[in-house]
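K.L.:
This one is query28.pdb, PDB, C-alpha atoms and all ligand atoms.
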ATOM      1  CA  MET A 978     -13.033  17.746 -17.105
ATOM      2  CA  HIS A 979     -16.686  16.889 -16.542
ATOM      3  CA  ALA A 980     -17.462  13.194 -16.049
ATOM      4  CA  ARG A 981     -19.537  12.914 -19.234
ATOM      5  CA  ALA A 982     -16.804  14.567 -21.250
ATOM      6  CA  VAL A 983     -14.336  12.184 -19.695
ATOM      7  CA  ALA A 984     -16.458   9.204 -20.636
ATOM      8  CA  ALA A 985     -16.744  10.540 -24.179
ATOM      9  CA  SER A 986     -12.998  11.076 -24.606
ATOM     10  CA  THR A 987     -12.281   7.707 -23.044
ATOM     11  CA  THR A 988     -14.773   6.154 -25.435
ATOM     12  CA  ALA A 989     -12.775   7.596 -28.299
ATOM     13  CA  LEU A 990      -9.651   6.037 -26.820
ATOM     14  CA  LEU A 991     -11.120   2.622 -26.280
ATOM     15  CA  GLY A 992     -13.596   1.987 -29.031
ATOM     16  CA  THR A 993     -15.893  -0.943 -28.260
ATOM     17  CA  ALA A 994     -14.409  -1.550 -24.819
ATOM     18  CA  ALA A 995     -15.947   1.795 -23.816
ATOM     19  CA  LEU A 996     -19.338   0.093 -23.777
ATOM     20  CA  LEU A 997     -18.331  -0.916 -20.270
ATOM     21  CA  LEU A 998     -18.150   2.717 -19.130
ATOM     22  CA  PRO A 999     -20.619   4.169 -16.656
ATOM     23  CA  LEU A1000     -22.053   7.481 -17.852
ATOM     24  CA  SER A1001     -21.583   9.619 -14.772
ATOM     25  CA  PRO A1002     -18.973   8.406 -12.331
ATOM     26  CA  ALA A1003     -19.136  10.578  -9.199
ATOM     27  CA  ARG A1004     -15.518  11.397  -8.498
ATOM     28  CA  ALA A1005     -13.514  13.199  -5.852
ATOM     29  CA  ALA A1006     -12.622  16.243  -7.947
ATOM     30  CA  ASP A1007     -16.160  16.680  -9.239
ATOM     31  CA  SER A1008     -17.798  16.153  -5.863
ATOM     32  CA  GLY A1009     -15.354  18.267  -3.863
ATOM     33  CA  ALA A1010     -14.450  15.194  -1.757
ATOM     34  CA  ARG A1011     -10.966  15.298  -0.285
ATOM     35  CA  PRO A1012      -8.490  12.547  -1.017
ATOM     36  CA  VAL A1013      -7.705  10.052   1.701
ATOM     37  CA  VAL A1014      -4.233  10.585   3.178
ATOM     38  CA  VAL A1015      -2.138   7.435   3.685
ATOM     39  CA  ALA A1016       1.011   7.350   5.839
ATOM     40  CA  HIS A1017       3.576   5.628   3.606
ATOM     41  CA  ARG A1018       5.457   2.898   5.527
ATOM     42  CA  GLY A1019       3.895   4.670   8.521
ATOM     43  CA  ALA A1020       4.686   8.340   8.999
ATOM     44  CA  SER A1021       8.108   7.540   7.600
ATOM     45  CA  ALA A1022       9.453  11.093   7.387
ATOM     46  CA  TYR A1023       9.308  11.233  11.189
ATOM     47  CA  ALA A1024      10.004   7.693  12.381
ATOM     48  CA  PRO A1025      11.809   4.682  10.897
ATOM     49  CA  GLU A1026       9.779   3.218   8.044
ATOM     50  CA  ASN A1027       7.639   0.137   8.553
ATOM     51  CA  THR A1028       8.218   0.063  12.332
ATOM     52  CA  LEU A1029       5.605   0.218  15.065
ATOM     53  CA  ALA A1030       7.009   3.647  15.902
ATOM     54  CA  ALA A1031       6.038   4.830  12.410
ATOM     55  CA  VAL A1032       2.503   3.546  12.985
ATOM     56  CA  ASP A1033       2.404   5.343  16.349
ATOM     57  CA  GLN A1034       3.665   8.526  14.712
ATOM     58  CA  ALA A1035       0.889   8.357  12.112
ATOM     59  CA  ALA A1036      -1.635   7.901  14.906
ATOM     60  CA  ALA A1037      -0.149  10.835  16.826
ATOM     61  CA  LEU A1038      -0.698  12.963  13.730
ATOM     62  CA  GLY A1039      -4.294  11.764  13.535
ATOM     63  CA  VAL A1040      -3.733   9.833  10.303
ATOM     64  CA  ASP A1041      -6.174   6.968   9.758
ATOM     65  CA  TRP A1042      -4.513   5.069   6.927
ATOM     66  CA  VAL A1043      -1.102   3.372   7.141
ATOM     67  CA  GLU A1044       0.740   1.660   4.288
ATOM     68  CA  ASN A1045       3.298  -1.136   4.777
ATOM     69  CA  ASP A1046       5.371  -3.725   2.887
ATOM     70  CA  VAL A1047       5.113  -7.437   3.633
ATOM     71  CA  GLN A1048       7.795 -10.071   2.905
ATOM     72  CA  ARG A1049       8.715 -13.510   4.275
ATOM     73  CA  THR A1050      11.586 -14.860   6.363
ATOM     74  CA  LYS A1051      13.578 -18.039   5.738
ATOM     75  CA  ASP A1052      11.401 -19.926   8.229
ATOM     76  CA  GLY A1053       8.117 -18.640   6.857
ATOM     77  CA  GLU A1054       7.186 -15.686   9.076
ATOM     78  CA  LEU A1055       5.653 -12.615   7.437
ATOM     79  CA  VAL A1056       7.541  -9.461   8.352
ATOM     80  CA  VAL A1057       7.113  -5.790   7.521
ATOM     81  CA  VAL A1058      10.101  -4.384   5.655
ATOM     82  CA  HIS A1059      10.499  -2.631   2.313
ATOM     83  CA  ASP A1060      13.757  -3.740   0.693
ATOM     84  CA  ASP A1061      14.469  -7.373  -0.163
ATOM     85  CA  SER A1062      17.676  -6.886   1.853
ATOM     86  CA  LEU A1063      17.910  -5.894   5.521
ATOM     87  CA  GLN A1064      21.015  -3.800   4.908
ATOM     88  CA  ARG A1065      19.581  -0.285   4.547
ATOM     89  CA  THR A1066      17.106  -0.230   7.425
ATOM     90  CA  THR A1067      18.758  -2.403  10.096
ATOM     91  CA  ASP A1068      22.136  -3.073  11.698
ATOM     92  CA  VAL A1069      22.302  -6.504  10.037
ATOM     93  CA  GLU A1070      25.795  -5.843   8.660
ATOM     94  CA  GLU A1071      27.154  -5.471  12.188
ATOM     95  CA  VAL A1072      25.201  -8.324  13.727
ATOM     96  CA  PHE A1073      25.746 -10.802  10.881
ATOM     97  CA  PRO A1074      28.871  -9.552   9.042
ATOM     98  CA  ASP A1075      29.338 -12.769   7.061
ATOM     99  CA  ARG A1076      25.818 -13.001   5.649
ATOM    100  CA  ALA A1077      25.946 -10.574   2.675
ATOM    101  CA  PRO A1078      23.784  -9.643   0.782
ATOM    102  CA  TRP A1079      21.535  -9.895   3.850
ATOM    103  CA  LYS A1080      18.353 -10.878   2.047
ATOM    104  CA  VAL A1081      15.169 -11.023   4.128
ATOM    105  CA  LYS A1082      14.454 -14.507   2.762
ATOM    106  CA  ASP A1083      17.805 -15.813   4.055
ATOM    107  CA  PHE A1084      17.208 -14.897   7.713
ATOM    108  CA  THR A1085      14.962 -16.552  10.275
ATOM    109  CA  ALA A1086      12.363 -14.581  12.176
ATOM    110  CA  ALA A1087      14.399 -14.990  15.368
ATOM    111  CA  GLU A1088      17.475 -13.560  13.663
ATOM    112  CA  ILE A1089      15.539 -10.606  12.275
ATOM    113  CA  ALA A1090      13.995  -9.971  15.697
ATOM    114  CA  ARG A1091      17.495  -9.288  17.039
ATOM    115  CA  LEU A1092      18.118  -6.441  14.603
ATOM    116  CA  ASP A1093      17.920  -2.745  15.380
ATOM    117  CA  ALA A1094      15.614  -1.176  12.783
ATOM    118  CA  GLY A1095      15.623   2.306  14.301
ATOM    119  CA  SER A1096      19.179   3.564  14.883
ATOM    120  CA  TRP A1097      19.811   4.204  11.172
ATOM    121  CA  PHE A1098      16.993   6.770  11.349
ATOM    122  CA  GLY A1099      18.044   8.442  14.584
ATOM    123  CA  PRO A1100      19.198   7.664  18.129
ATOM    124  CA  ALA A1101      15.721   8.282  19.526
ATOM    125  CA  TYR A1102      14.589   5.133  17.722
ATOM    126  CA  ALA A1103      17.418   2.815  18.784
ATOM    127  CA  GLY A1104      16.012  -0.623  19.511
ATOM    128  CA  ALA A1105      13.013  -0.415  17.179
ATOM    129  CA  ARG A1106      12.418  -3.811  15.575
ATOM    130  CA  VAL A1107      11.323  -5.169  12.225
ATOM    131  CA  PRO A1108       7.743  -6.085  13.111
ATOM    132  CA  THR A1109       5.986  -9.257  12.128
ATOM    133  CA  LEU A1110       2.796  -8.697  10.152
ATOM    134  CA  GLU A1111       0.906  -9.856  13.249
ATOM    135  CA  GLN A1112       2.563  -7.240  15.440
ATOM    136  CA  PHE A1113       1.951  -4.594  12.806
ATOM    137  CA  VAL A1114      -1.783  -5.234  12.461
ATOM    138  CA  HIS A1115      -2.145  -5.365  16.253
ATOM    139  CA  ARG A1116      -0.692  -1.892  16.450
ATOM    140  CA  VAL A1117      -2.851  -0.576  13.608
ATOM    141  CA  GLU A1118      -5.877  -2.096  15.335
ATOM    142  CA  ARG A1119      -4.924  -0.594  18.670
ATOM    143  CA  HIS A1120      -4.985   2.860  17.085
ATOM    144  CA  ASP A1121      -8.217   2.093  15.240
ATOM    145  CA  GLN A1122      -6.416   2.810  11.965
ATOM    146  CA  LYS A1123      -6.799   1.342   8.486
ATOM    147  CA  LEU A1124      -4.254  -0.660   6.524
ATOM    148  CA  LEU A1125      -3.027  -0.394   2.932
ATOM    149  CA  LEU A1126      -0.980  -3.603   2.852
ATOM    150  CA  GLU A1127       1.545  -4.081   0.058
ATOM    151  CA  ILE A1128       2.683  -7.573  -0.846
ATOM    152  CA  LYS A1129       6.301  -6.791  -1.750
ATOM    153  CA  ASN A1130       8.404  -8.891  -4.139
ATOM    154  CA  PRO A1131       5.812 -11.701  -4.305
ATOM    155  CA  GLN A1132       7.898 -13.512  -6.924
ATOM    156  CA  LEU A1133      10.371 -14.321  -4.115
ATOM    157  CA  TYR A1134       7.735 -15.802  -1.850
ATOM    158  CA  PRO A1135       5.443 -18.369  -3.499
ATOM    159  CA  GLY A1136       2.106 -18.553  -1.702
ATOM    160  CA  ILE A1137       2.559 -15.257   0.143
ATOM    161  CA  GLU A1138      -0.917 -14.101  -0.892
ATOM    162  CA  ARG A1139      -2.673 -17.028   0.804
ATOM    163  CA  GLN A1140      -0.414 -16.724   3.839
ATOM    164  CA  THR A1141      -1.048 -12.981   4.157
ATOM    165  CA  LEU A1142      -4.787 -13.536   4.017
ATOM    166  CA  LYS A1143      -4.454 -16.267   6.664
ATOM    167  CA  VAL A1144      -2.648 -13.924   9.055
ATOM    168  CA  LEU A1145      -5.216 -11.196   8.410
ATOM    169  CA  SER A1146      -8.007 -13.683   9.039
ATOM    170  CA  ASN A1147      -6.400 -14.948  12.253
ATOM    171  CA  GLU A1148      -6.092 -11.370  13.477
ATOM    172  CA  GLY A1149      -9.741 -10.607  12.751
ATOM    173  CA  TRP A1150      -9.033  -8.408   9.733
ATOM    174  CA  LEU A1151     -11.191 -10.300   7.268
ATOM    175  CA  ASP A1152     -14.485  -9.706   9.041
ATOM    176  CA  ARG A1153     -17.024  -7.470   7.332
ATOM    177  CA  PRO A1154     -16.147  -4.147   9.037
ATOM    178  CA  HIS A1155     -12.443  -4.516   8.251
ATOM    179  CA  VAL A1156     -12.935  -5.715   4.694
ATOM    180  CA  LYS A1157     -15.505  -3.058   3.926
ATOM    181  CA  HIS A1158     -13.790  -0.050   5.476
ATOM    182  CA  ARG A1159     -10.311  -0.720   6.814
ATOM    183  CA  LEU A1160      -8.268  -2.903   4.475
ATOM    184  CA  ILE A1161      -6.803  -2.698   0.973
ATOM    185  CA  VAL A1162      -4.222  -5.185  -0.351
ATOM    186  CA  GLN A1163      -1.991  -3.921  -3.153
ATOM    187  CA  SER A1164       1.048  -5.040  -5.156
ATOM    188  CA  PHE A1165       3.195  -4.118  -8.148
ATOM    189  CA  SER A1166       2.499  -7.662  -9.355
ATOM    190  CA  ALA A1167      -0.779  -7.991 -11.239
ATOM    191  CA  ASP A1168      -0.604 -11.757 -10.710
ATOM    192  CA  SER A1169      -0.383 -11.244  -6.966
ATOM    193  CA  VAL A1170      -3.327  -8.834  -6.900
ATOM    194  CA  ARG A1171      -5.369 -11.241  -9.027
ATOM    195  CA  THR A1172      -4.499 -14.093  -6.679
ATOM    196  CA  VAL A1173      -5.665 -12.118  -3.640
ATOM    197  CA  HIS A1174      -8.900 -11.286  -5.434
ATOM    198  CA  ASP A1175      -9.464 -14.913  -6.445
ATOM    199  CA  LEU A1176      -8.763 -16.206  -2.930
ATOM    200  CA  LYS A1177     -10.895 -13.600  -1.132
ATOM    201  CA  PRO A1178     -13.094 -11.706  -3.573
ATOM    202  CA  ALA A1179     -14.508  -9.481  -0.830
ATOM    203  CA  VAL A1180     -11.116  -7.909  -0.117
ATOM    204  CA  LYS A1181     -10.480  -4.546  -1.759
ATOM    205  CA  THR A1182      -7.355  -4.620  -3.923
ATOM    206  CA  GLY A1183      -4.981  -2.198  -5.631
ATOM    207  CA  PHE A1184      -2.542  -2.547  -8.518
ATOM    208  CA  LEU A1185       0.602  -0.424  -8.207
ATOM    209  CA  GLY A1186       1.505   1.009 -11.580
ATOM    210  CA  THR A1187       0.216   2.899 -14.592
ATOM    211  CA  PRO A1188      -1.199   0.396 -17.078
ATOM    212  CA  PRO A1189      -2.158   1.690 -20.526
ATOM    213  CA  VAL A1190      -5.764   2.879 -20.658
ATOM    214  CA  ALA A1191      -6.518   0.208 -23.246
ATOM    215  CA  ASP A1192      -5.597  -2.466 -20.670
ATOM    216  CA  LEU A1193      -7.805  -1.109 -17.890
ATOM    217  CA  PRO A1194     -10.800  -3.349 -18.695
ATOM    218  CA  SER A1195      -8.729  -6.435 -17.885
ATOM    219  CA  TYR A1196      -7.442  -4.895 -14.634
ATOM    220  CA  ALA A1197     -10.989  -3.939 -13.624
ATOM    221  CA  ALA A1198     -11.799  -7.654 -13.378
ATOM    222  CA  PHE A1199      -9.644  -8.101 -10.280
ATOM    223  CA  THR A1200      -8.551  -4.747  -8.822
ATOM    224  CA  ASP A1201     -10.484  -1.912  -7.202
ATOM    225  CA  GLN A1202      -7.665   0.584  -7.486
ATOM    226  CA  ILE A1203      -5.000   1.630  -9.985
ATOM    227  CA  ASN A1204      -2.231   3.238  -7.927
ATOM    228  CA  PRO A1205       0.382   5.084  -9.995
ATOM    229  CA  SER A1206       3.450   7.124  -9.158
ATOM    230  CA  TYR A1207       2.445  10.773  -9.041
ATOM    231  CA  ALA A1208       5.279  11.538 -11.462
ATOM    232  CA  SER A1209       3.423   9.722 -14.242
ATOM    233  CA  LEU A1210      -0.028  11.065 -13.411
ATOM    234  CA  SER A1211      -2.375  13.377 -15.345
ATOM    235  CA  SER A1212      -5.985  14.415 -14.909
ATOM    236  CA  GLY A1213      -6.823  12.546 -18.116
ATOM    237  CA  TYR A1214      -5.396   9.314 -16.776
ATOM    238  CA  VAL A1215      -7.243   9.636 -13.466
ATOM    239  CA  ALA A1216     -10.486  10.285 -15.340
ATOM    240  CA  ALA A1217      -9.884   7.305 -17.603
ATOM    241  CA  VAL A1218      -9.394   5.034 -14.565
ATOM    242  CA  HIS A1219     -12.493   6.433 -12.876
ATOM    243  CA  ALA A1220     -14.564   5.597 -15.920
ATOM    244  CA  PHE A1221     -14.320   1.855 -15.199
ATOM    245  CA  ARG A1222     -16.064  -0.167 -12.543
ATOM    246  CA  GLY A1223     -14.038  -2.654 -10.527
ATOM    247  CA  PRO A1224     -14.936  -6.120  -9.251
ATOM    248  CA  HIS A1225     -17.191  -4.690  -6.552
ATOM    249  CA  GLY A1226     -19.226  -2.647  -8.984
ATOM    250  CA  ARG A1227     -17.803   0.720  -7.966
ATOM    251  CA  PRO A1228     -15.683   3.070 -10.089
ATOM    252  CA  LEU A1229     -11.994   2.228  -9.942
ATOM    253  CA  GLU A1230     -10.083   4.450  -7.533
ATOM    254  CA  VAL A1231      -6.647   6.061  -7.759
ATOM    255  CA  PHE A1232      -4.275   6.270  -4.783
ATOM    256  CA  THR A1233      -1.047   7.921  -5.924
ATOM    257  CA  TRP A1234       2.443   7.811  -4.367
ATOM    258  CA  THR A1235       4.753   9.133  -2.954
ATOM    259  CA  VAL A1236       3.730  12.763  -2.594
ATOM    260  CA  ASN A1237       5.705  14.603   0.061
ATOM    261  CA  ASP A1238       5.217  18.295  -0.627
ATOM    262  CA  ALA A1239       2.234  20.605  -0.569
ATOM    263  CA  ASP A1240       2.419  21.746  -4.204
ATOM    264  CA  ALA A1241       2.456  18.220  -5.577
ATOM    265  CA  ALA A1242      -0.336  17.236  -3.191
ATOM    266  CA  ARG A1243      -2.533  20.083  -4.412
ATOM    267  CA  ARG A1244      -1.729  19.185  -8.017
ATOM    268  CA  VAL A1245      -2.759  15.534  -7.726
ATOM    269  CA  ALA A1246      -5.791  16.454  -5.632
ATOM    270  CA  GLY A1247      -6.774  18.669  -8.574
ATOM    271  CA  PHE A1248      -6.517  15.634 -10.833
ATOM    272  CA  GLY A1249      -9.258  14.049  -8.717
ATOM    273  CA  VAL A1250      -7.276  11.256  -7.050
ATOM    274  CA  ASP A1251      -9.016   9.337  -4.285
ATOM    275  CA  GLY A1252      -5.955   8.901  -2.083
ATOM    276  CA  ILE A1253      -2.463  10.310  -1.580
ATOM    277  CA  ILE A1254       0.260   8.078  -0.150
ATOM    278  CA  THR A1255       2.886  10.169   1.621
ATOM    279  CA  ASN A1256       5.818  10.116   4.031
ATOM    280  CA  THR A1257       4.589  13.491   5.369
ATOM    281  CA  PRO A1258       0.874  13.012   6.013
ATOM    282  CA  ASP A1259       0.629  16.198   8.065
ATOM    283  CA  VAL A1260       1.967  18.296   5.164
ATOM    284  CA  VAL A1261      -0.359  16.661   2.644
ATOM    285  CA  ARG A1262      -3.393  16.897   4.906
ATOM    286  CA  GLU A1263      -2.687  20.571   5.485
ATOM    287  CA  ALA A1264      -2.410  21.100   1.711
ATOM    288  CA  VAL A1265      -5.507  19.179   0.628
ATOM    289  CA  GLY A1266      -7.565  18.967   3.786
ATOM    290  CA  GLY A1267      -7.858  15.163   3.611
TER
HETATM  291  O1  LIG A1301       2.106   2.431  -1.618
HETATM  292  C1  LIG A1301       2.856   2.828  -2.707
HETATM  293  C2  LIG A1301       4.318   2.675  -2.573
HETATM  294  O2  LIG A1301       4.644   2.095  -1.362
HETATM  295  C3  LIG A1301       4.954   1.931  -3.663
HETATM  296  O3  LIG A1301       6.327   2.029  -3.676
HETATM  297  O4  LIG A1301       8.600   1.255  -3.296
HETATM  298  O5  LIG A1301       7.497   2.647  -1.595
HETATM  299  O6  LIG A1301       6.807   0.308  -1.901
HETATM  300  P1  LIG A1301       7.339   1.534  -2.565
HETATM  301 CA    CA A1302       5.067   0.086  -0.346
END
The structure given in the file should be rewritten as C-alpha cells.
P.N.:
Amino acid sequence: MHARAVAASTTALLGTAALLLPLSPARAADSGARPVVVAHRGASAYAPENTLAAVDQAAALGVDWVENDVQRTKDGELVVVHDDSLQRTTDVEEVFPDRAPWKVKDFTAAEIARLDAGSWFGPAYAGARVPTLEQFVHRVERHDQKLLLEIKNPQLYPGIERQTLKVLSNEGWLDRPHVKHRLIVQSFSADSVRTVHDLKPAVKTGFLGTPPVADLPSYAAFTDQINPSYASLSSGYVAAVHAFRGPHGRPLEVFTWTVNDADAARRVAGFGVDGIITNTPDVVREAVGG
C-alpha cells in the first residue's frame, strides 16, 4: 500500500489522533531498503543462545546486529540469559541439585559463573559460560557489532533499567556513536521501556508486542520501535506503525521476531518491516538480502 493511502486508512482508524500522522513516511518496502537482520540471542541456531560463542558465530556469519536478554543475579550482577530459571540452558541441576527451581535471581554471580551453558547445545560448546552484561558488550564491541538489548522480566528486578544504563555507560556504550547507530534497548514491559527513555532520552528504544493501533500515539511518546511477533503481523499493521513519529522525530520502526525460515522472512520483508530478528541470520539474509 502506498504511504499516502496508508495514512488515509490509518486516519479512518484513528479519527482525531491521526492529526499526528506524517503525510509521506519513507518506509523500507516503499524505498526498496532491505530489513536489518538481527541475530536472536546471538546466532542461536548454531551456538548456545546468549553466550559469547553465539556472538562470535554471528560475527563469523558477518551479522552486525545481536540481540540478548538481560537479568540480575542475587548479588546484583547483570547477566545475559533468557529464562528466569537457569535449568534449561545450563547444568545447574547437576551442580546445585538442592536449589530448585533454579531461578537466576536466587544465585550469585560467582555461582552462575561455575555453570556450563554450552553442553546442553552440543559437546563442542562444553564450558561456555553465562556471560555478564559487561562481558557480552565487550565481545560485541570487539566484533564491531551492534546490540539490541532486551531487559527481560524487569518486574523481578527493580531498578534494572538504571543499572543496565550504568553498565552501558561504564563500557562506553552511551557515547554518541553507540547511541546513534549501535544500540537499541527493548522490553515486553512498556513501563520498563518508558523508564529507559525517561532516564536516557537519547537511547533508541523498542516495545516488544503488538499494541492496538489506537494505542500507538501513547507508545510513540517513549518508544522508537514497535516489535511484534511475526505470527501476528500484517502489512496494514506495519503501515499503521510507520505512520507515527517516535520520540526522536522519526517514523516508528518495526523489528519482528522470531523468523527462522526463508518464506516467512520474504513475507515480512514484503510487509515493509525495518528489521528481522532471527536464530538463522544467514538464512534470512539470503532470503531478503539484508
Ligand atoms: O527480540 C525479540 C525476542 O527476543 C522476544 O522474545 O522470548 O525470545 O526474548 P524472546
Ligand atoms: Ca529476547
K.L.:
One decimal, Å: what's the distance from CA of Thr1182 in chain A over to CA of Ala1217 in chain A, could you say?
P.N.:
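The value is 18.3 Å.
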K.L.:
Looking at A:His1017, A:His1115, A:Lys1181, A:Arg1222, which one is nearest to Tyr1196 in chain A, with distances taken over all atoms listed in the file?
P.N.:
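Closest residue, counting all atoms listed in the file: A:Arg1222.
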K.L.:
For a test of reading the model, state the distance in Å between CA of Ala1037 in chain A and CA of Thr1255 in chain A, rounded to one decimal.
P.N.:
15.5 Å
K.L.:
In terms of the shortest atom-to-atom distance over all atoms listed in the file, which of A:Asp1152, A:Glu1070, A:Glu1118, A:Glu1026 is closest to Tyr1102 in chain A?
P.N.:
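Of all the options, A:Glu1026 lies closest to Tyr1102 in chain A.
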K.L.:
Take the point (7.1, -10.9, 15.3) in the file's coordinates, draw a sphere of radius 10 Å around it, and report as a ChimeraX atom specification every protein, DNA or RNA residue with an atom inside or on it, counting all atoms listed in the file.
P.N.:
/A:1054-1057,1086-1087,1089-1090,1106-1113
K.L.:
Could you produce a table of the residues of chain A lying within 7 Å of ligand CA 1302 (chain A), with the nearest pair of atoms per residue and their separation in Å rounded to one decimal, using only C-alpha atoms and all ligand atoms, ordered by chain and increasing residue number, as JSON lines?
P.N.:
{"residue": "A:His1017", "atom": "CA", "partner": "A:CA1302", "partner_atom": "CA", "distance": 7.0}
{"residue": "A:Arg1018", "atom": "CA", "partner": "A:CA1302", "partner_atom": "CA", "distance": 6.5}
{"residue": "A:Glu1044", "atom": "CA", "partner": "A:CA1302", "partner_atom": "CA", "distance": 6.5}
{"residue": "A:Asn1045", "atom": "CA", "partner": "A:CA1302", "partner_atom": "CA", "distance": 5.6}
{"residue": "A:Asp1046", "atom": "CA", "partner": "A:CA1302", "partner_atom": "CA", "distance": 5.0}
{"residue": "A:His1059", "atom": "CA", "partner": "A:CA1302", "partner_atom": "CA", "distance": 6.6}
{"residue": "A:Glu1127", "atom": "CA", "partner": "A:CA1302", "partner_atom": "CA", "distance": 5.5}
K.L.:
Can you spit out range 1181-1192 of chain A with N, CA and C atoms, as a short mmCIF file (atom, residue, chain, number, x, y, z; two decimals), in the first residue's frame, from the structure just given?
P.N.:
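Here's the written file decode-v3.cif:
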data_model
loop_
_atom_site.label_atom_id
_atom_site.label_comp_id
_atom_site.auth_asym_id
_atom_site.auth_seq_id
_atom_site.Cartn_x
_atom_site.Cartn_y
_atom_site.Cartn_z
N LYS A 1181 17.81 4.85 21.82
CA LYS A 1181 16.73 4.31 20.99
C LYS A 1181 16.09 3.13 21.71
N THR A 1182 14.75 3.08 21.70
CA THR A 1182 14.06 2.05 22.46
C THR A 1182 13.07 1.27 21.58
N GLY A 1183 12.70 0.08 22.06
CA GLY A 1183 11.72 -0.74 21.36
C GLY A 1183 10.76 -1.39 22.34
N PHE A 1184 9.48 -1.42 21.98
CA PHE A 1184 8.49 -2.14 22.78
C PHE A 1184 8.18 -3.46 22.08
N LEU A 1185 8.31 -4.56 22.82
CA LEU A 1185 8.02 -5.88 22.27
C LEU A 1185 6.55 -6.19 22.46
N GLY A 1186 5.84 -6.31 21.35
CA GLY A 1186 4.42 -6.61 21.42
C GLY A 1186 3.69 -6.01 20.24
N THR A 1187 2.37 -6.14 20.28
CA THR A 1187 1.52 -5.69 19.17
C THR A 1187 0.38 -4.86 19.76
N PRO A 1188 0.66 -3.65 20.21
CA PRO A 1188 -0.42 -2.85 20.80
C PRO A 1188 -1.47 -2.50 19.75
N PRO A 1189 -2.72 -2.31 20.19
CA PRO A 1189 -3.74 -1.87 19.24
C PRO A 1189 -3.32 -0.56 18.58
N VAL A 1190 -3.71 -0.40 17.31
CA VAL A 1190 -3.34 0.81 16.57
C VAL A 1190 -3.80 2.06 17.32
N ALA A 1191 -4.96 1.98 17.94
CA ALA A 1191 -5.48 3.16 18.65
C ALA A 1191 -4.57 3.58 19.80
N ASP A 1192 -3.76 2.65 20.30
CA ASP A 1192 -2.86 2.98 21.43
C ASP A 1192 -1.50 3.48 20.97
#
